[in-house]
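A quick write-up on the structure given underneath.
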Amino acid sequence: MPIVTIQQGPRQVEQKRELVERITAAFVETLECPAESVLVWIQEYPAENWAKAGKLTADR
């Protein structure tokens with residue numbers, strides 16, 4: 001059973017729907033596994049909870 005974890009900033013639900021559909025399709029096509037076996041976890045982090053190059057994303 002493939003498990004995919006996506007860590008990202010908040011996105012709209014429509015974007016997440018499309019993303020998980022495409023990721024699932026890629027696994028089905030590449031690994032020839034049933035779509036029902038593909039798990040996708042989305043972990044969203046607000047801008048004040050992550051940083052790049054020593055600066056919070058919220059401060060950019």
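Here, A, B, ... name the chains of the structure tokens in the order displayed, residue numbers run from 1 inside each chain, and ligands are numbered from 1 in the same displayed order.
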
Exercise. May I have the residues within 10 Å of region 43-57 of chain A as a VMD selection string, using only C-alpha atoms and disregarding those fewer than 3 positions away in the same chain?
Key: chain A and resid 5 to 11 40 60

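For region 16-29 of chain A, the set of protein, DNA and RNA residues having any atom at most 9 Å away, when counting only C-alpha atoms and skipping those fewer than 2 positions along the same chain, is Pro2, Val4, Arg11, Gln12, Val13, Glu14, Leu31, Glu32, Cys33, Pro34, Ala35, Glu36, Val38, Leu39, Val40, Trp41 and Ile42 of chain A.
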
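Residue-level DSSP output for chain A, from the backbone, shows strand (DSSP E) at Ile3, Val4, Thr5, Ile6, Gln7, Gln8, Leu39, Val40, Trp41, Ile42, Gln43, Glu44, Ala51, Lys52, Lys55 and Leu56 of chain A.
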
Exercise. As a list in words, which residues of chain A does DSSP assign to helix (DSSP H, G or I)?
Worked result: Val13, Glu14, Gln15, Lys16, Arg17, Glu18, Leu19, Val20, Glu21, Arg22, Ile23, Thr24, Ala25, Ala26, Phe27, Val28, Glu29, Thr30, Leu31, Ala35, Glu36, Ser37, Ala47, Glu48, Asn49, Thr57, Ala58 and Asp59 of chain A
